Amino acid sequence: MLSQVSRRVLATAGPALRQQQRLLTVTVCGGGNAAHVAAGMFSNQGAEVKLFFSFERLEEILNTVHKHTKYSVGGHFLNTTLWCTNAIIHPGISYGIWHDWDGKPVAEQPLFYQNCNDFTANVLQTLSDEIQACRDVIAARTTADMSKWQPIAEYMVDVYGHVISDTSSLAKIFATNDAFRGLTAPCTQLDDGTFMPNFNTRYLTEEKIGHEYLVDGKIQGGDVSHSGCPQRFGIKTVEQLVG
């Protein structure tokens with residue numbers, strides 16, 4: 001079944017669909033489920049399907065479908081790839097909580113975001129700074145528009161500012177964010193009621209914790225071959241990455 005949003009996006013894209021000699025060219029304004037739904041519908045009828053993604057009308061369509069939200073589309077896609085979201089936040093905070101853990105069960109399940117202190121904030125800021133350095137190199141050496149990228153503190157305030165009571169530091173931004181209030185670190189409860197950290201939770205496995213990518217300062221670890229790293233696909237320079 002198509003979702004209501006997918007139906008409306010497909011209806012908008014419908015006039016752009018054309019079929020020639022069993023070759024269907026599907027033009028979709030932006031990505032998402034609609035592209036896959038359209039491809040599946042026509043390939044099941046025996047057509048060969050090619051998908052072309054265009055963002056030229058994405059802003060118009062998003063603001064038509066979502067009446068009460070203002071979407072602004074712009075910048076290079078690498079802004080999204082380098083965004084300081086879960087891939088930075090989850091491992092960074094987890095390290096902050098457990099970096100000096102003695103391996104013994106704990107009496108209480110630690111708060112995850114509200115537990116953010118200066119040490120953890122420094123870990124998060126360091127990760128953000130490293131990404132910003134990459135962003136700056138991409139912007140300097142290519143024509144990619146990287147102006148939409150935000151450092152972690154700016155991003156958090158932009159998204160959650162209305163529910164953050166103290167924005168004076170990165171630690172306070174996380175610790176006083178009401179959207180995160182009460183969320184605890186992933187743990188496994190033992191029979192005696194104590195807790196052990198669960199390092200196999202999606203908070204960490206989705207962010208590739210426990211894999212080897214960096215060796216001697218280069219992305220050449222044993223797990224690169226089944227990752228999304230550009231090096232896996234033979235991309236070795238910033239210019240190749242941007243294309």
# chains A, B, ... in the order shown; residues from 1 in each chain; ligands from 1
call {"tool": "residues_around", "arguments": {"residues": "Leu111 in chain A", "least_positions_apart": "4", "cutoff": "8 Å", "atoms": "only C-alpha atoms", "output": "PDB file with all heavy atoms, in the first residue's frame"}}
result
ATOM      1  N   ASN A 115      23.180  13.198  30.952  1.00  0.00           N
ATOM      2  CA  ASN A 115      24.442  12.890  31.612  1.00  0.00           C
ATOM      3  C   ASN A 115      25.614  13.611  30.956  1.00  0.00           C
ATOM      4  O   ASN A 115      26.759  13.440  31.367  1.00  0.00           O
ATOM      5  CB  ASN A 115      24.691  11.381  31.561  1.00  0.00           C
ATOM      6  CG  ASN A 115      25.344  10.859  32.824  1.00  0.00           C
ATOM      7  OD1 ASN A 115      25.319  11.511  33.857  1.00  0.00           O
ATOM      8  ND2 ASN A 115      25.929   9.688  32.737  1.00  0.00           N
ATOM      9  N   GLY A 182      15.011  12.127  30.392  1.00  0.00           N
ATOM     10  CA  GLY A 182      14.648  10.805  30.886  1.00  0.00           C
ATOM     11  C   GLY A 182      15.159   9.640  30.068  1.00  0.00           C
ATOM     12  O   GLY A 182      15.058   8.488  30.507  1.00  0.00           O
ATOM     13  N   LEU A 183      15.717   9.899  28.884  1.00  0.00           N
ATOM     14  CA  LEU A 183      16.230   8.808  28.055  1.00  0.00           C
ATOM     15  C   LEU A 183      17.518   8.263  28.671  1.00  0.00           C
ATOM     16  O   LEU A 183      18.406   9.024  29.057  1.00  0.00           O
ATOM     17  CB  LEU A 183      16.491   9.288  26.631  1.00  0.00           C
ATOM     18  CG  LEU A 183      15.253   9.766  25.859  1.00  0.00           C
ATOM     19  CD1 LEU A 183      15.649  10.286  24.490  1.00  0.00           C
ATOM     20  CD2 LEU A 183      14.241   8.640  25.726  1.00  0.00           C
ATOM     21  N   THR A 184      17.608   6.950  28.762  1.00  0.00           N
ATOM     22  CA  THR A 184      18.737   6.327  29.447  1.00  0.00           C
ATOM     23  C   THR A 184      19.684   5.637  28.474  1.00  0.00           C
ATOM     24  O   THR A 184      19.319   5.310  27.348  1.00  0.00           O
ATOM     25  CB  THR A 184      18.236   5.295  30.472  1.00  0.00           C
ATOM     26  OG1 THR A 184      17.357   4.364  29.813  1.00  0.00           O
ATOM     27  CG2 THR A 184      17.479   5.982  31.601  1.00  0.00           C
ATOM     28  N   ALA A 185      20.900   5.409  28.940  1.00  0.00           N
ATOM     29  CA  ALA A 185      21.892   4.694  28.141  1.00  0.00           C
ATOM     30  C   ALA A 185      21.445   3.247  27.963  1.00  0.00           C
ATOM     31  O   ALA A 185      20.937   2.631  28.902  1.00  0.00           O
ATOM     32  CB  ALA A 185      23.250   4.745  28.833  1.00  0.00           C
TER      33      ALA A 185
END
call {"tool": "select_by_dssp", "arguments": {"residues": "range 33-219 of chain A", "states": "strand (DSSP E)", "output": "list in words"}}
result
Glu48, Val49, Lys50, Leu51, Phe52, Phe53, Ser54, Cys187, Thr188, Gln189, Phe195, Met196, Pro197, Leu214, Val215, Lys218 and Ile219 of chain A
call {"tool": "select_by_dssp", "arguments": {"residues": "range 54-130 of chain A", "states": "helix (DSSP H, G or I)", "output": "ChimeraX atom specification"}}
result
/A:58-65,78-81,86-98,118-130
call {"tool": "write_last_selection", "arguments": {"atoms": "N, CA, C and O atoms", "output": "compact mmCIF listing (two decimals), in the first residue's frame"}}
result
# COMPACT_ATOMS: atom_id res chain seq x y z
N LEU A 58 12.05 19.89 -5.75
CA LEU A 58 11.86 19.23 -4.46
C LEU A 58 11.29 20.19 -3.41
O LEU A 58 10.38 19.84 -2.67
N GLU A 59 11.82 21.41 -3.35
CA GLU A 59 11.33 22.36 -2.36
C GLU A 59 9.85 22.65 -2.57
O GLU A 59 9.07 22.68 -1.61
N GLU A 60 9.45 22.83 -3.82
CA GLU A 60 8.04 23.10 -4.13
C GLU A 60 7.15 21.95 -3.69
O GLU A 60 6.09 22.15 -3.07
N ILE A 61 7.57 20.73 -3.99
CA ILE A 61 6.75 19.56 -3.67
C ILE A 61 6.66 19.35 -2.16
O ILE A 61 5.58 19.10 -1.62
N LEU A 62 7.78 19.47 -1.46
CA LEU A 62 7.77 19.27 -0.01
C LEU A 62 6.85 20.28 0.67
O LEU A 62 6.10 19.93 1.59
N ASN A 63 6.89 21.51 0.23
CA ASN A 63 6.05 22.53 0.85
C ASN A 63 4.59 22.41 0.44
O ASN A 63 3.70 22.95 1.11
N THR A 64 4.32 21.69 -0.66
CA THR A 64 2.95 21.42 -1.05
C THR A 64 2.37 20.26 -0.24
O THR A 64 1.23 20.31 0.23
N VAL A 65 3.18 19.22 -0.06
CA VAL A 65 2.73 18.03 0.66
C VAL A 65 2.61 18.31 2.16
O VAL A 65 1.65 17.91 2.81
N LEU A 78 26.63 16.52 0.18
CA LEU A 78 27.62 16.19 1.20
C LEU A 78 27.36 16.91 2.51
O LEU A 78 27.84 16.49 3.56
N ASN A 79 26.60 18.02 2.48
CA ASN A 79 26.20 18.66 3.74
C ASN A 79 25.45 17.67 4.61
O ASN A 79 25.65 17.59 5.82
N THR A 80 24.55 16.90 3.99
CA THR A 80 23.77 15.91 4.72
C THR A 80 24.65 14.75 5.17
O THR A 80 24.53 14.26 6.30
N THR A 81 25.53 14.30 4.30
CA THR A 81 26.42 13.19 4.63
C THR A 81 27.28 13.51 5.84
O THR A 81 27.56 12.64 6.68
N ASN A 86 23.17 11.46 14.52
CA ASN A 86 23.34 10.28 15.36
C ASN A 86 24.71 9.62 15.24
O ASN A 86 25.24 9.09 16.22
N ALA A 87 25.27 9.62 14.04
CA ALA A 87 26.57 8.96 13.85
C ALA A 87 27.67 9.62 14.67
O ALA A 87 28.70 9.00 14.94
N ILE A 88 27.46 10.86 15.06
CA ILE A 88 28.40 11.57 15.93
C ILE A 88 27.93 11.54 17.37
O ILE A 88 28.69 11.23 18.30
N ILE A 89 26.65 11.82 17.57
CA ILE A 89 26.12 11.98 18.92
C ILE A 89 26.11 10.68 19.71
O ILE A 89 26.57 10.63 20.87
N HIS A 90 25.61 9.60 19.13
CA HIS A 90 25.48 8.35 19.88
C HIS A 90 26.83 7.78 20.34
O HIS A 90 27.01 7.48 21.52
N PRO A 91 27.80 7.61 19.44
CA PRO A 91 29.09 7.09 19.90
C PRO A 91 29.80 8.06 20.84
O PRO A 91 30.45 7.63 21.81
N GLY A 92 29.69 9.37 20.56
CA GLY A 92 30.36 10.35 21.40
C GLY A 92 29.86 10.34 22.83
O GLY A 92 30.65 10.34 23.79
N ILE A 93 28.54 10.34 22.99
CA ILE A 93 27.98 10.32 24.34
C ILE A 93 28.24 8.97 25.01
O ILE A 93 28.54 8.92 26.22
N SER A 94 28.14 7.89 24.26
CA SER A 94 28.41 6.57 24.84
C SER A 94 29.83 6.49 25.37
O SER A 94 30.07 5.96 26.47
N TYR A 95 30.78 7.03 24.61
CA TYR A 95 32.16 7.04 25.09
C TYR A 95 32.29 7.89 26.35
O TYR A 95 32.99 7.52 27.30
N GLY A 96 31.60 9.02 26.36
CA GLY A 96 31.66 9.88 27.53
C GLY A 96 31.15 9.20 28.78
O GLY A 96 31.70 9.38 29.88
N ILE A 97 30.11 8.39 28.63
CA ILE A 97 29.53 7.71 29.79
C ILE A 97 30.41 6.56 30.27
O ILE A 97 30.63 6.37 31.47
N TRP A 98 30.94 5.77 29.34
CA TRP A 98 31.56 4.50 29.70
C TRP A 98 33.09 4.47 29.56
O TRP A 98 33.71 3.43 29.77
N ASP A 118 31.23 18.14 30.77
CA ASP A 118 32.24 18.84 29.97
C ASP A 118 33.13 17.86 29.20
O ASP A 118 33.54 18.14 28.07
N PHE A 119 33.44 16.71 29.81
CA PHE A 119 34.28 15.72 29.12
C PHE A 119 33.58 15.22 27.86
O PHE A 119 34.16 15.19 26.77
N THR A 120 32.31 14.81 28.02
CA THR A 120 31.55 14.30 26.88
C THR A 120 31.36 15.38 25.82
O THR A 120 31.48 15.11 24.62
N ALA A 121 31.09 16.59 26.26
CA ALA A 121 30.92 17.69 25.31
C ALA A 121 32.19 17.92 24.52
O ALA A 121 32.15 18.23 23.32
N ASN A 122 33.34 17.76 25.16
CA ASN A 122 34.61 17.93 24.45
C ASN A 122 34.80 16.84 23.40
O ASN A 122 35.32 17.11 22.30
N VAL A 123 34.37 15.61 23.71
CA VAL A 123 34.42 14.53 22.73
C VAL A 123 33.56 14.88 21.51
O VAL A 123 34.00 14.77 20.36
N LEU A 124 32.34 15.33 21.78
CA LEU A 124 31.42 15.69 20.70
C LEU A 124 31.96 16.86 19.88
O LEU A 124 31.88 16.86 18.64
N GLN A 125 32.52 17.85 20.56
CA GLN A 125 33.05 19.02 19.86
C GLN A 125 34.25 18.65 18.99
O GLN A 125 34.40 19.16 17.87
N THR A 126 35.08 17.75 19.50
CA THR A 126 36.25 17.31 18.73
C THR A 126 35.81 16.59 17.45
O THR A 126 36.37 16.82 16.37
N LEU A 127 34.79 15.75 17.56
CA LEU A 127 34.27 15.06 16.38
C LEU A 127 33.69 16.07 15.39
O LEU A 127 33.93 15.98 14.18
N SER A 128 32.95 17.04 15.90
CA SER A 128 32.38 18.08 15.04
C SER A 128 33.47 18.89 14.36
O SER A 128 33.38 19.21 13.16
N ASP A 129 34.53 19.20 15.10
CA ASP A 129 35.63 19.99 14.53
C ASP A 129 36.34 19.22 13.40
O ASP A 129 36.75 19.82 12.40
N GLU A 130 36.49 17.91 13.58
CA GLU A 130 37.12 17.11 12.53
C GLU A 130 36.28 17.11 11.26
O GLU A 130 36.80 17.20 10.14
call {"tool": "residues_around", "arguments": {"residues": "Gly210 in chain A", "least_positions_apart": "3", "cutoff": "10 Å", "atoms": "only C-alpha atoms", "output": "list in words"}}
result
Phe199, Asn200, Leu204, Thr205, Glu207, Tyr213 and Asp223 of chain A
call {"tool": "write_last_selection", "arguments": {"atoms": "all heavy atoms", "output": "mmCIF file, in the first residue's frame"}}
result
data_model
loop_
_atom_site.group_PDB
_atom_site.id
_atom_site.type_symbol
_atom_site.label_atom_id
_atom_site.label_comp_id
_atom_site.auth_asym_id
_atom_site.auth_seq_id
_atom_site.Cartn_x
_atom_site.Cartn_y
_atom_site.Cartn_z
ATOM 1 N N PHE A 199 26.467 -2.754 24.448
ATOM 2 C CA PHE A 199 27.209 -2.171 23.338
ATOM 3 C C PHE A 199 26.766 -2.726 21.983
ATOM 4 O O PHE A 199 27.344 -2.385 20.952
ATOM 5 C CB PHE A 199 28.708 -2.395 23.529
ATOM 6 C CG PHE A 199 29.274 -1.697 24.736
ATOM 7 C CD1 PHE A 199 30.037 -2.387 25.666
ATOM 8 C CD2 PHE A 199 29.036 -0.346 24.948
ATOM 9 C CE1 PHE A 199 30.551 -1.741 26.783
ATOM 10 C CE2 PHE A 199 29.547 0.312 26.058
ATOM 11 C CZ PHE A 199 30.306 -0.393 26.982
ATOM 12 N N ASN A 200 25.756 -3.588 21.998
ATOM 13 C CA ASN A 200 25.227 -4.135 20.744
ATOM 14 C C ASN A 200 23.914 -3.477 20.333
ATOM 15 O O ASN A 200 23.255 -3.922 19.395
ATOM 16 C CB ASN A 200 25.014 -5.646 20.881
ATOM 17 C CG ASN A 200 26.317 -6.397 21.040
ATOM 18 O OD1 ASN A 200 27.283 -6.127 20.338
ATOM 19 N ND2 ASN A 200 26.358 -7.336 21.978
ATOM 20 N N LEU A 204 24.734 2.038 18.748
ATOM 21 C CA LEU A 204 26.139 1.879 18.404
ATOM 22 C C LEU A 204 26.353 1.054 17.142
ATOM 23 O O LEU A 204 27.216 1.373 16.336
ATOM 24 C CB LEU A 204 26.885 1.238 19.578
ATOM 25 C CG LEU A 204 26.848 2.046 20.880
ATOM 26 C CD1 LEU A 204 27.558 1.294 21.991
ATOM 27 C CD2 LEU A 204 27.494 3.408 20.679
ATOM 28 N N THR A 205 25.576 -0.013 16.955
ATOM 29 C CA THR A 205 25.795 -0.858 15.779
ATOM 30 C C THR A 205 25.483 -0.116 14.493
ATOM 31 O O THR A 205 26.131 -0.337 13.465
ATOM 32 C CB THR A 205 24.944 -2.138 15.855
ATOM 33 O OG1 THR A 205 23.554 -1.780 16.009
ATOM 34 C CG2 THR A 205 25.364 -2.999 17.030
ATOM 35 N N GLU A 207 26.077 2.923 14.022
ATOM 36 C CA GLU A 207 27.179 3.858 13.818
ATOM 37 C C GLU A 207 28.516 3.139 13.656
ATOM 38 O O GLU A 207 29.574 3.737 13.742
ATOM 39 C CB GLU A 207 27.250 4.830 15.006
ATOM 40 C CG GLU A 207 26.339 6.030 14.878
ATOM 41 C CD GLU A 207 24.852 5.698 14.855
ATOM 42 O OE1 GLU A 207 24.263 5.438 15.896
ATOM 43 O OE2 GLU A 207 24.268 5.714 13.756
ATOM 44 N N TYR A 213 38.328 0.878 10.545
ATOM 45 C CA TYR A 213 38.402 1.686 9.329
ATOM 46 C C TYR A 213 39.730 2.436 9.238
ATOM 47 O O TYR A 213 40.379 2.441 8.208
ATOM 48 C CB TYR A 213 37.237 2.686 9.276
ATOM 49 C CG TYR A 213 35.881 2.025 9.290
ATOM 50 C CD1 TYR A 213 35.052 2.102 10.409
ATOM 51 C CD2 TYR A 213 35.435 1.303 8.192
ATOM 52 C CE1 TYR A 213 33.812 1.482 10.425
ATOM 53 C CE2 TYR A 213 34.192 0.680 8.197
ATOM 54 C CZ TYR A 213 33.388 0.771 9.320
ATOM 55 O OH TYR A 213 32.165 0.148 9.331
ATOM 56 N N ASP A 223 37.513 -3.394 7.574
ATOM 57 C CA ASP A 223 36.067 -3.316 7.363
ATOM 58 C C ASP A 223 35.668 -2.317 6.281
ATOM 59 O O ASP A 223 34.479 -2.150 6.005
ATOM 60 C CB ASP A 223 35.365 -2.945 8.675
ATOM 61 C CG ASP A 223 35.464 -4.059 9.706
ATOM 62 O OD1 ASP A 223 35.044 -5.183 9.384
ATOM 63 O OD2 ASP A 223 35.974 -3.810 10.811
#
call {"tool": "residues_around", "arguments": {"residues": "range 231-233 of chain A", "least_positions_apart": "3", "cutoff": "12 Å", "atoms": "only C-alpha atoms", "output": "PyMOL selection string"}}
result
chain A and resi 213-214+218-228+236-238+240-241
call {"tool": "residues_around", "arguments": {"residues": "range 150-160 of chain A", "least_positions_apart": "4", "cutoff": "8 Å", "atoms": "only C-alpha atoms", "output": "ChimeraX atom specification"}}
result
/A:83-85,124-125,128-129,132,164,167,170,173,177,179
call {"tool": "write_last_selection", "arguments": {"atoms": "all heavy atoms", "output": "short mmCIF file (atom, residue, chain, number, x, y, z; two decimals), in the first residue's frame"}}
result
data_model
loop_
_atom_site.label_atom_id
_atom_site.label_comp_id
_atom_site.auth_asym_id
_atom_site.auth_seq_id
_atom_site.Cartn_x
_atom_site.Cartn_y
_atom_site.Cartn_z
N TRP A 83 26.57 15.68 8.26
CA TRP A 83 25.79 16.30 9.33
C TRP A 83 26.14 15.69 10.70
O TRP A 83 26.36 14.50 10.82
CB TRP A 83 24.31 16.10 9.05
CG TRP A 83 23.46 17.28 9.42
CD1 TRP A 83 22.55 17.34 10.42
CD2 TRP A 83 23.43 18.55 8.77
NE1 TRP A 83 21.96 18.58 10.46
CE2 TRP A 83 22.48 19.35 9.45
CE3 TRP A 83 24.12 19.11 7.70
CZ2 TRP A 83 22.20 20.66 9.09
CZ3 TRP A 83 23.83 20.41 7.34
CH2 TRP A 83 22.89 21.16 8.02
N CYS A 84 26.16 16.54 11.73
CA CYS A 84 26.49 16.08 13.09
C CYS A 84 25.26 15.52 13.79
O CYS A 84 24.75 16.10 14.76
CB CYS A 84 27.08 17.23 13.90
SG CYS A 84 28.70 17.77 13.33
N THR A 85 24.77 14.39 13.30
CA THR A 85 23.58 13.79 13.90
C THR A 85 23.97 12.51 14.64
O THR A 85 24.99 12.47 15.32
CB THR A 85 22.52 13.53 12.82
OG1 THR A 85 23.13 12.80 11.73
CG2 THR A 85 21.97 14.83 12.27
N LEU A 124 32.34 15.33 21.78
CA LEU A 124 31.42 15.69 20.70
C LEU A 124 31.96 16.86 19.88
O LEU A 124 31.88 16.86 18.64
CB LEU A 124 30.06 16.04 21.28
CG LEU A 124 29.29 14.90 21.94
CD1 LEU A 124 28.07 15.44 22.69
CD2 LEU A 124 28.85 13.87 20.92
N GLN A 125 32.52 17.85 20.56
CA GLN A 125 33.05 19.02 19.86
C GLN A 125 34.25 18.65 18.99
O GLN A 125 34.40 19.16 17.87
CB GLN A 125 33.45 20.10 20.86
CG GLN A 125 33.84 21.43 20.20
CD GLN A 125 32.70 22.02 19.41
OE1 GLN A 125 31.63 22.27 19.94
NE2 GLN A 125 32.92 22.25 18.11
N SER A 128 32.95 17.04 15.90
CA SER A 128 32.38 18.08 15.04
C SER A 128 33.47 18.89 14.36
O SER A 128 33.38 19.21 13.16
CB SER A 128 31.48 19.00 15.87
OG SER A 128 30.96 20.06 15.10
N ASP A 129 34.53 19.20 15.10
CA ASP A 129 35.63 19.99 14.53
C ASP A 129 36.34 19.22 13.40
O ASP A 129 36.75 19.82 12.40
CB ASP A 129 36.65 20.34 15.61
CG ASP A 129 36.11 21.36 16.61
OD1 ASP A 129 35.07 21.99 16.32
OD2 ASP A 129 36.72 21.51 17.69
N GLN A 132 34.17 19.46 10.43
CA GLN A 132 34.23 20.81 9.86
C GLN A 132 35.51 21.00 9.05
O GLN A 132 35.50 21.67 8.01
CB GLN A 132 34.14 21.87 10.96
CG GLN A 132 34.11 23.29 10.39
CD GLN A 132 33.62 24.31 11.39
OE1 GLN A 132 33.33 23.98 12.54
NE2 GLN A 132 33.51 25.54 10.96
N ILE A 164 15.36 23.75 24.73
CA ILE A 164 16.63 23.77 25.47
C ILE A 164 16.62 24.99 26.39
O ILE A 164 16.45 26.12 25.94
CB ILE A 164 17.83 23.84 24.51
CG1 ILE A 164 17.90 22.58 23.64
CG2 ILE A 164 19.13 24.01 25.29
CD1 ILE A 164 18.97 22.63 22.57
N THR A 167 21.70 27.31 26.72
CA THR A 167 22.54 27.13 25.54
C THR A 167 23.95 27.70 25.75
O THR A 167 24.66 27.98 24.79
CB THR A 167 21.90 27.82 24.31
OG1 THR A 167 21.75 29.22 24.58
CG2 THR A 167 20.54 27.21 23.99
N LEU A 170 28.01 23.46 25.12
CA LEU A 170 27.53 22.25 24.44
C LEU A 170 27.02 21.23 25.45
O LEU A 170 26.01 20.56 25.21
CB LEU A 170 28.65 21.64 23.59
CG LEU A 170 28.26 20.44 22.71
CD1 LEU A 170 27.12 20.79 21.77
CD2 LEU A 170 29.47 19.95 21.92
N ILE A 173 23.61 22.30 26.43
CA ILE A 173 22.66 22.14 25.32
C ILE A 173 22.06 20.74 25.34
O ILE A 173 20.86 20.56 25.14
CB ILE A 173 23.36 22.42 23.97
CG1 ILE A 173 23.59 23.93 23.81
CG2 ILE A 173 22.56 21.87 22.80
CD1 ILE A 173 24.43 24.30 22.60
N ASN A 177 18.10 19.69 27.36
CA ASN A 177 17.18 19.52 26.23
C ASN A 177 15.99 18.67 26.68
O ASN A 177 16.13 17.47 26.93
CB ASN A 177 17.93 18.84 25.07
CG ASN A 177 17.10 18.77 23.81
OD1 ASN A 177 15.87 18.83 23.85
ND2 ASN A 177 17.76 18.63 22.68
N ALA A 179 13.57 17.53 25.07
CA ALA A 179 13.22 16.46 24.13
C ALA A 179 13.93 15.16 24.48
O ALA A 179 13.48 14.07 24.11
CB ALA A 179 13.56 16.88 22.70
#
call {"tool": "closest_residue", "arguments": {"among": "A:Val215, A:Ala133, A:Val242, A:Cys187", "to": "Glu108 in chain A", "atoms": "only C-alpha atoms"}}
result
A:Cys187
call {"tool": "closest_residue", "arguments": {"among": "A:Thr142, A:Ser165, A:Thr176, A:Ser147", "to": "Tyr113 in chain A", "atoms": "only C-alpha atoms"}}
result
A:Thr176
call {"tool": "residues_around", "arguments": {"residues": "Ala175 in chain A", "least_positions_apart": "3", "cutoff": "6 Å", "atoms": "only C-alpha atoms", "output": "list in words"}}
result
Tyr113, Gln114, Cys116 and Lys172 of chain A
call {"tool": "write_last_selection", "arguments": {"atoms": "N, CA, C and O atoms", "output": "compact mmCIF listing (two decimals), in the first residue's frame"}}
result
# COMPACT_ATOMS: atom_id res chain seq x y z
N TYR A 113 21.47 11.51 27.46
CA TYR A 113 21.76 12.89 27.06
C TYR A 113 21.94 13.81 28.26
O TYR A 113 22.81 14.68 28.26
N GLN A 114 21.12 13.64 29.28
CA GLN A 114 21.21 14.51 30.46
C GLN A 114 22.49 14.28 31.24
O GLN A 114 22.86 15.10 32.08
N CYS A 116 25.34 14.40 29.93
CA CYS A 116 26.41 15.06 29.17
C CYS A 116 27.12 16.08 30.06
O CYS A 116 26.53 17.04 30.54
N LYS A 172 25.58 21.85 28.30
CA LYS A 172 24.27 22.30 28.76
C LYS A 172 23.21 22.14 27.67
O LYS A 172 22.04 21.87 27.96
call {"tool": "atom_distance", "arguments": {"atom1": "CA of Ala107 in chain A", "atom2": "CA of Leu190 in chain A"}}
result
10.3 Å
